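Quick notes on the structure that follows.
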Amino acid sequence: MAEQPELTVQGWGPPGTRVAHVAEGGTLELTADKSLAKALPKAARKHLARELGWTPRRTPPVPLDDVELAASRLPVPVRAELVTLLGQENVRDDRGSRLRRTGGKSYLDLVRRRSGDASDAPDAVLTPADTAEVVAVLQLCSRHGVVVVPFGGGTSVVGGLSGTDVDDRPVVVLDLARMSGLVSVDVPSSLVTAGPGMRGPALEDALAEHDLTLGHLPQSWEFATLGGYAATRSAGQASTGVGRFEDLVASLTLATPSGVLEVGHPPASAAGPDLLGLALGSEGTLGVITELTLRVRPRPEVEEYEGWSFRSWAAGLAALQRLARHDLLPDVVRLSDPDETRANLLLSGGAGARALRGALRSRGHGSGCLLVVGWQGLPTLVRARQRAATSLLREDGGKRAGSRVGEAWVRHRFEGPYLRDRLLDHGLLVETLETAATWSALPTVYDAARRALREALAGPGKQPLVMTHVSHGYATGASLYLTVLADRDDDLPLQQWLGAKRASTDAVLAAGGTLTHHHAVGADHRPWLDREVGPLGVDVLRAVKASLDPAGICNPGVLLPS
């Protein structure tokens, strides 16, 4: 097996641990910084303790050796068939292999794992090499009633890797790490074909040799895979400019228990309804994505990032809406509300934070909002777009905070998950949720979501911190991304968040927001899917699943309501 890149193990082992392993069954190197003082500046710790009613305390995860793992339920004859099909080294049921593919990275996943709950661990881990082997595995598992859960980077934050099955059948994880190669590069057509297990950094390195880029950079970029991006309809930090991942997929191969489905015909086709849309966002419920052809672009010659400040959230939203109306949105757009702007100042340091603090104060925006914008491309086009956008931002009351603010955001944009691990280790609830709405509905959705979270998580002497930003802009609206910090209920941590999640989801949908913008449905959102697509829409999806997966073995615990 090819060498594996670094992974993050959150919950099994010290929080924030970076795990380097060379091959299945290889040794693990674990390093972690357990110090809260190193993770949070003193001012930030004092602020959070005062605002949240939080008492910093050590709440470490259960040691890995103390986790109880049930024996594999995979029948011996089925395991033997799988070994014949894939080879002994590609059918693993040892403790380490199973635990490393247990669940994803949602708050609920992490809390369960930190408590030592491995009840959702797979019974075996399979590593197929190509589409033919995946189809053979799916058909074998379909015959024997074994659930199959595709696994890429393990970064789902909505329970997308739950493997929950109402019939309690054995579960195998299909790890796609061996299917991570670059198949072809068509420079004249701006197309690249790659395996689903390829991670973002590896793809960008390979494309750099051809002076190309995909430009898809979600916060999970270091670990998430191309197949995972497609299965969840991911959105990257520059998606305002380059598009969401679904916009970057020209075609793909979907292996199903009923056979292989080839969907998408670049550059375009009018041959009936677009079946590619059924595979994108299917979350492993219809089959396994085994190859993707993606639209790429020349590497930008120039990348410019800068910060702006606005006196209020409403003023910042109005400015973005005006940019959108005139087709002047930058490639990267990130507008933080006052709570998130203040938290950014407290949690960060260095030149960028000093520049932002000085800019806000000197412009009379001390309690205002930070906007980070970025442009990418040819120098002449970047300058022209930047000048036009700058003119509108100034007309709408924006004050330029400088390039150091934008550059600081670029340097630290992938650090959130590591900070979350350290905060979990000291008694905090840390979770996110996201939605999207039209420009007219966005203020109402923002107020409704924040109010629901605050009411659900408030208690005597305790109040959550709800931070929000716009991270993706469209002509018709934008996304909202909310980060929640609260003092954790150490006795009932799961129930604490589940109640807040129910309240906030109901409030968002009632106010006109979407069920999800880019995190996908998973297990966490599935009870509300019919409110998003309608009962008939759910029936259509069930009919497609019945055709492609008649035995219901493909990731049955997600997407479709039970």
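The chains in the structure tokens are called A, B, ... from first to last as shown; in each chain the residues are counted from 1, and the ligands are counted from 1 in the order shown.
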Per residue of region 212-248 of chain A within 12 Å of region 303-324 of chain A, record the nearest atom pair and its distance in Å to one decimal, counting only C-alpha atoms, with rows in chain order and ascending residue number, as CSV.
```
residue,atom,partner,partner_atom,distance
A:Gly215,CA,A:Glu303,CA,11.8
A:Ala238,CA,A:Glu303,CA,11.4
A:Thr240,CA,A:Ala324,CA,10.0
A:Gly241,CA,A:Ala324,CA,11.5
```
Shell around region 49-52 of chain A at 6 Å using only C-alpha atoms, local window under 2 positions removed, as a list in words: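 After dropping sequence-adjacent residues, the list is Lys46, His47, Trp54, Lys462, Gln463, Pro464 and Ala486 of chain A.
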Restricted to C-alpha atoms, what would the selected residues look like written as a PDB file, in the first residue's frame?
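What landed in selection-v4.pdb:
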```pdb
ATOM      1  CA  LYS A  46     -10.473  35.166  30.952  1.00  0.00           C
ATOM      2  CA  HIS A  47     -12.996  36.441  28.408  1.00  0.00           C
ATOM      3  CA  TRP A  54     -16.976  28.402  32.044  1.00  0.00           C
ATOM      4  CA  LYS A 462     -24.072  30.488  31.910  1.00  0.00           C
ATOM      5  CA  GLN A 463     -24.516  31.884  28.399  1.00  0.00           C
ATOM      6  CA  PRO A 464     -23.127  30.441  25.160  1.00  0.00           C
ATOM      7  CA  ALA A 486     -20.532  26.827  25.858  1.00  0.00           C
TER       8      ALA A 486
END
```
Shell of 9 Å around region 433-441 of chain A, only C-alpha atoms, local chain residues under 4 positions omitted, as a PyMOL selection string: chain A and resi 317-318+321+445-446+472+474-484+501+504-505+508+511-519
Proximity to Thr127 (chain A) - best of A:Leu392, A:Val146, A:Leu275, A:Leu86, only C-alpha atoms: A:Leu86
Residue contacts of Thr155 (chain A) (7 Å, only C-alpha atoms) excluding same-chain residues fewer than 6 positions away, as a list in words: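 Returned residues: Gly104, Lys105, Ser220 and Ala224 of chain A.
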Distance in Å - CA of Gly227 (chain A) versus CA of Asp130 (chain A):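 Distance reported for this atom pair: 13.4 Å.
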Long-range neighbours of Ala121 (chain A) as JSON, numbers by chain, 12 Å cut-off, only C-alpha atoms, 2 positions minimum in chain: {"A": [67, 68, 69, 70, 71, 72, 73, 93, 94, 95, 96, 97, 98, 99, 100, 101, 102, 103, 104, 109, 112, 113, 116, 117, 118, 119, 123, 124, 125, 149, 161, 162, 163, 164, 170, 171, 172, 173]}
Coordinates-based distance that separates CA of Gly398 (chain A) from CA of Leu465 (chain A) (Å, one decimal):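 CA of Gly398 (chain A) lies 25.6 Å from CA of Leu465 (chain A).
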Leu85 (chain A) environment, 10 Å, only C-alpha atoms, sequence neighbours closer than 4 positions dropped, as a PyMOL selection string: chain A and resi 79-81+90-91+128+133+136-137+140
Between CA of Val538 (chain A) and CA of Thr256 (chain A) - distance in Å to one decimal: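 Atom-to-atom, CA of Thr256 (chain A) to CA of Val538 (chain A), that is 19.6 Å.
Proximity to Ser562 (chain A) was assessed for A:Leu453, A:Leu381, A:Leu74, A:Ala523 counting only C-alpha atoms; the smallest distance is recorded for A:Ala523.
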Counting only C-alpha atoms, the option among A:Ile553, A:Val192, A:Tyr107, A:Trp497 closest to Val158 (chain A):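 When distances to Val158 (chain A) are compared using only C-alpha atoms, the smallest one comes from A:Tyr107.
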Alpha helix (DSSP H) per DSSP on the backbone: members of region 213-331 of chain A, as a PyMOL selection string: chain A and resi 226-232+239-242+245-248+276-279+313-325
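Minimum atom-to-atom distance to Leu292 (chain A), evaluated using only C-alpha atoms, belongs to A:Ser180 out of A:Cys554, A:Ser180, A:Leu378, A:Leu424.
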